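Peer 1: This is my_file.txt, which holds compact mmCIF, C-alpha atoms (C1' of nucleotides):
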# COMPACT_ATOMS: atom_id res chain seq x y z
CA MET A 1 -82.23 194.03 -110.40
CA LEU A 2 -84.63 195.31 -112.99
CA PHE A 3 -87.03 192.41 -112.66
CA SER A 4 -87.93 190.39 -109.58
CA ALA A 5 -86.89 186.77 -109.25
CA SER A 6 -90.53 185.74 -109.69
CA CYS A 7 -90.67 187.70 -112.91
CA LYS A 8 -87.56 186.07 -114.32
CA TYR A 9 -88.88 182.62 -113.47
CA GLY A 10 -92.18 183.52 -115.11
CA LEU A 11 -90.42 184.67 -118.25
CA ARG A 12 -88.32 181.54 -118.45
CA ALA A 13 -91.32 179.31 -117.87
CA SER A 14 -93.26 181.23 -120.51
CA MET A 15 -90.46 180.64 -122.98
CA LEU A 16 -90.69 176.92 -122.33
CA LEU A 17 -94.41 177.04 -122.96
CA ALA A 18 -93.80 178.99 -126.16
CA MET A 19 -91.61 176.17 -127.41
CA ARG A 20 -94.53 173.75 -127.12
CA ASP A 21 -97.79 173.28 -128.86
CA THR A 22 -100.36 175.78 -127.67
CA LYS A 23 -103.00 173.07 -127.59
CA THR A 24 -101.61 170.69 -124.98
CA TYR A 25 -101.28 171.38 -121.28
CA VAL A 26 -97.83 171.11 -119.69
CA SER A 27 -97.65 170.22 -116.01
CA ILE A 28 -96.07 172.80 -113.71
CA ARG A 29 -94.03 170.02 -112.15
CA GLU A 30 -92.40 169.31 -115.48
CA LEU A 31 -91.58 173.00 -115.95
CA SER A 32 -90.21 173.44 -112.43
CA ASP A 33 -88.00 170.39 -112.93
CA GLU A 34 -86.67 171.76 -116.19
CA LEU A 35 -86.03 175.20 -114.69
CA ASN A 36 -84.66 173.81 -111.45
CA ILE A 37 -86.87 175.92 -109.25
CA SER A 38 -89.43 175.15 -106.55
CA PHE A 39 -92.63 173.60 -107.86
CA HIS A 40 -94.79 175.44 -105.32
CA PHE A 41 -93.15 178.75 -106.07
CA LEU A 42 -93.70 178.34 -109.78
CA THR A 43 -97.31 177.44 -109.07
CA LYS A 44 -97.76 180.83 -107.38
CA ILE A 45 -96.24 182.59 -110.36
CA PHE A 46 -98.55 180.82 -112.77
CA GLN A 47 -101.49 181.84 -110.58
CA LYS A 48 -100.57 185.46 -111.26
CA MET A 49 -100.27 184.81 -114.97
CA ASN A 50 -103.59 183.03 -114.84
CA ALA A 51 -105.21 186.03 -113.16
CA ALA A 52 -103.86 188.15 -116.02
CA ASN A 53 -105.34 185.70 -118.54
CA LEU A 54 -101.94 184.96 -120.01
CA ILE A 55 -102.36 181.23 -119.55
CA ASP A 56 -105.07 178.61 -119.38
CA SER A 57 -104.84 175.99 -116.69
CA LYS A 58 -106.47 172.64 -116.16
CA LYS A 59 -106.61 170.53 -113.02
CA GLY A 60 -106.49 166.76 -112.84
CA VAL A 61 -104.86 164.07 -114.87
CA ASN A 62 -103.09 165.40 -117.96
CA GLY A 63 -103.76 168.88 -116.67
CA GLY A 64 -101.28 171.73 -116.49
CA VAL A 65 -100.84 175.13 -118.07
CA LYS A 66 -100.57 176.46 -121.61
CA LEU A 67 -100.40 179.86 -123.22
CA ALA A 68 -103.83 181.41 -123.70
CA LYS A 69 -102.67 183.05 -126.93
CA PRO A 70 -100.21 182.13 -129.68
CA SER A 71 -96.66 182.86 -128.52
CA HIS A 72 -96.15 185.57 -131.12
CA ARG A 73 -98.98 187.52 -129.55
CA VAL A 74 -97.62 187.48 -125.99
CA THR A 75 -95.03 190.15 -125.29
CA PHE A 76 -92.24 190.35 -122.78
CA MET A 77 -94.15 193.28 -121.31
CA ASP A 78 -97.29 191.20 -120.87
CA VAL A 79 -95.45 188.77 -118.63
CA VAL A 80 -93.68 191.48 -116.64
CA ASN A 81 -96.93 193.34 -116.06
CA ALA A 82 -98.68 190.18 -114.94
CA ILE A 83 -96.01 189.35 -112.36
CA ASP A 84 -94.29 192.55 -111.28
CA GLY A 85 -97.23 194.84 -111.97
CA SER A 86 -97.62 197.52 -114.56
CA CYS A 87 -96.18 200.23 -112.35
CA SER A 88 -92.76 198.63 -112.14
CA MET A 89 -91.42 200.63 -115.07
CA ASP A 90 -93.34 203.82 -114.49
CA SER A 91 -91.15 205.93 -112.32
CA CYS A 92 -88.02 207.77 -113.30
CA ALA A 93 -84.59 206.47 -112.35
CA LEU A 94 -84.38 208.52 -109.19
CA ALA A 95 -88.08 208.55 -108.42
CA LEU A 96 -87.54 212.14 -107.42
CA PRO A 97 -90.58 213.94 -106.12
CA GLY A 98 -92.30 215.87 -108.87
CA CYS A 99 -90.79 214.00 -111.77
CA GLY A 100 -93.25 213.16 -114.48
CA VAL A 101 -95.99 215.16 -112.87
CA LYS A 102 -95.40 218.81 -113.57
CA ARG A 103 -91.80 219.01 -114.58
CA SER A 104 -88.82 216.81 -115.20
CA CYS A 105 -86.34 215.69 -112.58
CA PRO A 106 -82.60 216.33 -112.96
CA MET A 107 -82.13 212.96 -114.63
CA HIS A 108 -85.02 213.31 -116.99
CA ASP A 109 -83.18 214.12 -120.21
CA GLN A 110 -80.62 211.39 -119.75
CA TRP A 111 -83.10 208.83 -118.56
CA SER A 112 -86.14 209.29 -120.75
CA GLY A 113 -84.47 208.06 -123.92
CA ILE A 114 -83.23 204.91 -122.27
CA LYS A 115 -86.57 204.25 -120.65
CA GLU A 116 -88.40 204.73 -123.93
CA GLY A 117 -86.06 202.28 -125.62
CA MET A 118 -86.60 199.75 -122.90
CA LEU A 119 -90.38 200.00 -122.94
CA GLU A 120 -90.41 199.81 -126.72
CA MET A 121 -88.30 196.68 -126.62
CA MET A 122 -90.47 195.08 -124.00
CA GLU A 123 -93.58 195.74 -126.02
CA LYS A 124 -92.07 194.50 -129.25
CA VAL A 125 -90.30 191.32 -128.17
CA THR A 126 -92.63 188.33 -128.09
CA LEU A 127 -92.33 184.93 -126.48
CA ALA A 128 -92.08 183.42 -129.95
CA GLU A 129 -88.89 185.34 -130.67
CA LEU A 130 -87.37 184.50 -127.32
CA ALA A 131 -88.19 180.84 -127.77
CA LYS A 132 -86.64 180.87 -131.23
CA ASN A 133 -83.45 182.50 -129.97
CA SER A 134 -83.35 180.03 -127.14
CA ALA A 135 -83.78 177.03 -129.41
CA ASN A 136 -80.89 177.70 -131.79
CA GLU A 137 -78.28 178.65 -129.24
CA MET B 1 -86.90 199.15 -109.28
CA LEU B 2 -83.61 199.67 -110.96
CA PHE B 3 -81.94 201.21 -107.94
CA SER B 4 -82.52 200.49 -104.27
CA ALA B 5 -84.14 203.06 -102.01
CA SER B 6 -80.79 203.57 -100.28
CA CYS B 7 -79.21 204.29 -103.64
CA LYS B 8 -81.78 206.89 -104.58
CA TYR B 9 -81.37 208.64 -101.24
CA GLY B 10 -77.62 208.57 -101.70
CA LEU B 11 -77.92 210.10 -105.14
CA ARG B 12 -80.22 212.83 -103.93
CA ALA B 13 -78.00 213.62 -100.97
CA SER B 14 -74.96 213.69 -103.26
CA MET B 15 -76.73 216.19 -105.47
CA LEU B 16 -77.29 218.43 -102.47
CA LEU B 17 -73.60 218.20 -101.60
CA ALA B 18 -72.73 219.01 -105.20
CA MET B 19 -74.67 222.25 -104.90
CA ARG B 20 -72.42 223.36 -102.05
CA ASP B 21 -68.87 224.38 -101.67
CA THR B 22 -66.58 221.34 -101.65
CA LYS B 23 -64.57 222.87 -98.83
CA THR B 24 -67.12 223.04 -96.03
CA TYR B 25 -68.69 220.10 -94.25
CA VAL B 26 -72.48 219.76 -94.28
CA SER B 27 -74.11 217.96 -91.36
CA ILE B 28 -76.04 214.79 -92.18
CA ARG B 29 -78.91 216.08 -90.04
CA GLU B 30 -79.26 219.09 -92.30
CA LEU B 31 -79.33 216.86 -95.38
CA SER B 32 -81.81 214.40 -93.92
CA ASP B 33 -84.10 217.28 -92.98
CA GLU B 34 -83.92 218.70 -96.47
CA LEU B 35 -84.60 215.29 -98.06
CA ASN B 36 -87.26 214.37 -95.51
CA ILE B 37 -85.73 211.00 -94.71
CA SER B 38 -84.48 209.37 -91.52
CA PHE B 39 -81.27 210.84 -90.19
CA HIS B 40 -79.97 207.46 -89.01
CA PHE B 41 -80.74 205.82 -92.31
CA LEU B 42 -78.91 208.52 -94.24
CA THR B 43 -75.99 208.10 -91.87
CA LYS B 44 -75.74 204.46 -92.91
CA ILE B 45 -75.77 205.44 -96.56
CA PHE B 46 -73.00 207.97 -96.07
CA GLN B 47 -70.97 205.30 -94.28
CA LYS B 48 -71.04 203.29 -97.50
CA MET B 49 -70.05 206.29 -99.55
CA ASN B 50 -67.31 206.99 -97.08
CA ALA B 51 -65.99 203.42 -97.42
CA ALA B 52 -65.88 204.00 -101.18
CA ASN B 53 -63.96 207.25 -100.62
CA LEU B 54 -66.64 209.29 -102.31
CA ILE B 55 -66.95 211.63 -99.35
CA ASP B 56 -64.85 212.98 -96.52
CA SER B 57 -66.42 213.14 -93.10
CA LYS B 58 -65.59 214.96 -89.91
CA LYS B 59 -66.92 214.35 -86.43
CA GLY B 60 -67.64 216.94 -83.81
CA VAL B 61 -68.82 220.53 -83.86
CA ASN B 62 -69.12 221.92 -87.38
CA GLY B 63 -68.46 218.44 -88.67
CA GLY B 64 -70.38 216.65 -91.38
CA VAL B 65 -69.73 215.30 -94.84
CA LYS B 66 -68.50 216.73 -98.12
CA LEU B 67 -67.60 215.38 -101.52
CA ALA B 68 -64.06 214.07 -101.64
CA LYS B 69 -63.69 215.24 -105.25
CA PRO B 70 -65.11 218.14 -107.29
CA SER B 71 -68.68 217.38 -108.30
CA HIS B 72 -67.85 217.24 -112.01
CA ARG B 73 -65.53 214.34 -111.29
CA VAL B 74 -68.08 212.18 -109.44
CA THR B 75 -70.32 210.17 -111.72
CA PHE B 76 -73.80 208.75 -111.23
CA MET B 77 -72.15 205.36 -111.56
CA ASP B 78 -69.71 206.08 -108.74
CA VAL B 79 -72.57 206.61 -106.31
CA VAL B 80 -74.55 203.59 -107.51
CA ASN B 81 -71.50 201.35 -107.21
CA ALA B 82 -70.75 202.62 -103.72
CA ILE B 83 -74.26 201.92 -102.45
CA ASP B 84 -75.78 199.11 -104.53
CA GLY B 85 -72.49 197.45 -105.44
CA SER B 86 -70.80 197.19 -108.79
CA CYS B 87 -72.56 193.94 -109.67
CA SER B 88 -75.99 195.51 -109.69
CA MET B 89 -75.84 196.24 -113.41
CA ASP B 90 -73.80 193.27 -114.50
CA SER B 91 -76.29 190.61 -115.34
CA CYS B 92 -78.55 190.40 -118.33
CA ALA B 93 -82.25 191.20 -118.07
CA LEU B 94 -83.26 187.62 -117.45
CA ALA B 95 -80.12 186.56 -115.64
CA LEU B 96 -80.44 183.34 -117.59
CA PRO B 97 -77.85 180.72 -116.85
CA GLY B 98 -75.00 180.94 -119.31
CA CYS B 99 -75.65 184.45 -120.50
CA GLY B 100 -72.53 186.55 -120.83
CA VAL B 101 -70.25 183.64 -120.12
CA LYS B 102 -70.01 181.54 -123.24
CA ARG B 103 -72.94 182.56 -125.32
CA SER B 104 -75.78 185.01 -125.30
CA CYS B 105 -79.16 184.42 -123.77
CA PRO B 106 -82.37 184.76 -125.78
CA MET B 107 -82.70 188.40 -124.78
CA HIS B 108 -79.16 189.31 -125.54
CA ASP B 109 -79.59 191.16 -128.81
CA GLN B 110 -82.51 193.20 -127.62
CA TRP B 111 -81.03 193.89 -124.22
CA SER B 112 -77.38 194.60 -124.85
CA GLY B 113 -77.95 197.87 -126.67
CA ILE B 114 -80.16 199.21 -123.94
CA LYS B 115 -77.77 198.10 -121.25
CA GLU B 116 -74.83 199.71 -123.01
CA GLY B 117 -76.73 202.97 -123.31
CA MET B 118 -77.59 202.87 -119.66
CA LEU B 119 -74.06 202.15 -118.49
CA GLU B 120 -72.68 204.84 -120.79
CA MET B 121 -75.13 207.35 -119.39
CA MET B 122 -74.30 206.41 -115.84
CA GLU B 123 -70.60 206.84 -116.46
CA LYS B 124 -71.00 210.13 -118.25
CA VAL B 125 -73.47 211.97 -116.06
CA THR B 126 -71.78 213.74 -113.16
CA LEU B 127 -73.14 215.17 -109.95
CA ALA B 128 -72.30 218.63 -111.25
CA GLU B 129 -74.71 218.20 -114.16
CA LEU B 130 -77.44 216.79 -111.98
CA ALA B 131 -77.03 219.63 -109.51
CA LYS B 132 -77.22 222.18 -112.31
CA ASN B 133 -80.38 220.62 -113.75
CA SER B 134 -81.85 220.53 -110.29
CA ALA B 135 -81.07 224.17 -109.59
CA ASN B 136 -82.81 225.70 -112.61
CA GLU B 137 -85.98 223.67 -112.54
C1' DC C 1 -117.95 156.07 -106.82
C1' DT C 2 -113.15 155.85 -105.84
C1' DA C 3 -108.48 156.61 -106.43
C1' DT C 4 -105.08 159.36 -108.65
C1' DT C 5 -103.26 163.35 -110.67
C1' DT C 6 -102.71 168.05 -110.82
C1' DT C 7 -103.69 173.02 -109.98
C1' DA C 8 -105.54 176.46 -106.19
C1' DA C 9 -105.06 178.56 -102.02
C1' DG C 10 -103.68 179.48 -97.39
C1' DA C 11 -100.50 179.35 -93.62
C1' DT C 12 -95.95 179.52 -92.39
C1' DA C 13 -90.91 180.22 -92.47
C1' DA C 14 -86.62 182.22 -93.93
C1' DA C 15 -84.01 185.97 -96.02
C1' DA C 16 -83.24 190.51 -97.59
C1' DG C 17 -84.11 195.28 -97.52
C1' DA C 18 -85.68 199.40 -95.22
C1' DC C 19 -85.71 201.81 -91.26
C1' DT C 20 -85.02 202.94 -86.00
C1' DC C 21 -82.70 203.20 -81.66
C1' DT C 22 -78.85 203.27 -78.59
C1' DC C 23 -74.36 203.90 -77.34
C1' DA C 24 -69.50 204.70 -78.54
C1' DA C 25 -65.90 207.72 -80.36
C1' DA C 26 -64.02 211.79 -82.09
C1' DA C 27 -63.63 216.76 -82.44
C1' DA C 28 -64.28 221.43 -80.91
C1' DG C 29 -65.20 225.14 -77.63
C1' DG C 30 -65.14 226.92 -73.39
C1' DC D 1 -61.16 218.69 -68.36
C1' DC D 2 -65.92 218.79 -69.37
C1' DT D 3 -69.76 219.49 -72.23
C1' DT D 4 -71.77 219.60 -76.66
C1' DT D 5 -71.97 218.34 -81.34
C1' DT D 6 -71.72 215.16 -84.80
C1' DT D 7 -70.30 210.83 -87.24
C1' DG D 8 -69.56 205.56 -86.52
C1' DA D 9 -71.20 201.19 -85.52
C1' DG D 10 -74.11 197.64 -83.65
C1' DA D 11 -78.41 195.68 -82.40
C1' DG D 12 -83.07 195.43 -83.20
C1' DT D 13 -87.77 196.03 -85.66
C1' DC D 14 -90.85 196.05 -89.56
C1' DT D 15 -92.03 194.94 -94.22
C1' DT D 16 -91.56 192.66 -98.56
C1' DT D 17 -89.89 189.02 -101.21
C1' DT D 18 -88.79 184.36 -101.69
C1' DA D 19 -89.71 179.83 -100.73
C1' DT D 20 -91.94 175.76 -98.43
C1' DC D 21 -95.60 172.93 -96.58
C1' DT D 22 -100.25 171.46 -96.09
C1' DT D 23 -104.86 171.00 -97.37
C1' DA D 24 -108.63 171.76 -100.64
C1' DA D 25 -110.73 171.39 -105.07
C1' DA D 26 -111.20 169.87 -109.69
C1' DA D 27 -110.72 166.63 -113.37
C1' DT D 28 -109.87 162.17 -115.26
C1' DA D 29 -109.64 157.21 -115.50
C1' DG D 30 -111.01 153.03 -114.03
What do you get writing this file as structure tokens?
Peer 2:
Amino acid sequence: MLFSASCKYGLRASMLLAMRDTKTYVSIRELSDELNISFHFLTKIFQKMNAANLIDSKKGVNGGVKLAKPSHRVTFMDVVNAIDGSCSMDSCALALPGCGVKRSCPMHDQWSGIKEGMLEMMEKVTLAELAKNSANE
Amino acid sequence: MLFSASCKYGLRASMLLAMRDTKTYVSIRELSDELNISFHFLTKIFQKMNAANLIDSKKGVNGGVKLAKPSHRVTFMDVVNAIDGSCSMDSCALALPGCGVKRSCPMHDQWSGIKEGMLEMMEKVTLAELAKNSANE
DNA sequence: CTATTTTAAGATAAAAGACTCTCAAAAAGG
DNA sequence: CCTTTTTGAGAGTCTTTTATCTTAAAATAG
């Protein structure tokens, strides 16, 4: 519920890319087959990541997508922002009017710590780590 | 993003109820006016809370809704479960296949602590506390 | 230059969520 | 009883998300 389906697919696909060489392009078809999701849908997701300069893409024979940066320099947050937008984690749990503007909402004390922890984690965790954890399962 | 719009409305309305006497019924119209949301929509939300036995309702003149239990015995989690369903917090951040069943997903270490903290908070925080924080803002 | 491969982009469809409207049913008051 | 108030429940609309399908555009290989 925290992240959209598109976002989860994007994260999983990014992990697959992180497990590969950053130099060679991987076709979206190959990734969609491996993830068992719609090729066309994944294409749309990569278009968003492309717009955010997270990946490089190449058309034609032996084309595909690859990470634009080394996997240890792409964070979980980068991918979420590219797909779900940077505002997705902004608001407080209740999104009560006034919260975060002038004063805190009733949930603020209980929520702010958790939110901070979550944002910190998202900024710290990289695709390289996720790929590593995924490899030795 | 964490909670549905319905859920947030339900939480806010519950807070209003918590600020009142548990004995008297408050009309849904009054609550929807105060929250500036659609009366009919709030009615639907209260129907879910009613099905979960979180509130008592009464039809007719001077009817309305009221908390079925004292506000310090109704948790944040109770309301979320009634409206968004108890599964809404179950899955891991990525909802990766296999996570939580046999082995952990790549995010598990980073995510589990945050999730635990969130669930703990949701089970601990009561409507009474939220209402109190809301009153002295 | 042509055929093939592969991403890009747009149009469309299906599903879920958010919200509205209408009528039924219950309760109370006169 | 009859009228009014107020919740209950169903149908219907609008919007967003998810997913599919089709066509275009680019790149490569021959």
Peer 1: Quick one: residues within 8 Å of Lys69 in chain B, only C-alpha atoms (C1' of nucleotides) counted, chain neighbours fewer than 6 positions away excluded, as a list in words?
Peer 2: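 Residues meeting the cut-off are Thr22, Leu54 and Ile55 of chain B.
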Peer 1: Applying 10 Å and only C-alpha atoms (C1' of nucleotides), which residues near Pro70 in chain B remain after dropping the ones on its own chain fewer than 6 positions away? List them as a PyMOL selection string.
Peer 2: chain B and resi 18+21-23+126-128
Peer 1: Expressed in Å to a single decimal, how great is the separation between C1' of DA25 in chain C and CA of Gly60 in chain B?
Peer 2: 10.0 Å
Peer 1: Restrict the distance test to all atoms listed in the file, flag each residue of chain B within 12 Å of chain D, and return the flagged residues as a PyMOL selection string.
Peer 2: chain B and resi 25-30+39-40+42-48+50-51+56-65
Peer 1: To one decimal place in Å, what is the distance between CA of Ala52 in chain B and CA of Leu35 in chain B?
Peer 2: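 Value for the CA of Ala52 in chain B-CA of Leu35 in chain B distance: 22.1 Å.
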Peer 1: List as JSON lines every residue of chain C that is in contact with chain A, defined as an atom at most 7 Å from one of its atoms (using all atoms listed in the file), together with the nearest atom pair and the distance in Å rounded to one decimal, sorted by chain and then rising number.
Peer 2:
{"residue": "C:DT5", "atom": "C1'", "partner": "A:Val61", "partner_atom": "CA", "distance": 4.6}
{"residue": "C:DT6", "atom": "C1'", "partner": "A:Gly60", "partner_atom": "CA", "distance": 4.5}
{"residue": "C:DT7", "atom": "C1'", "partner": "A:Lys59", "partner_atom": "CA", "distance": 4.9}
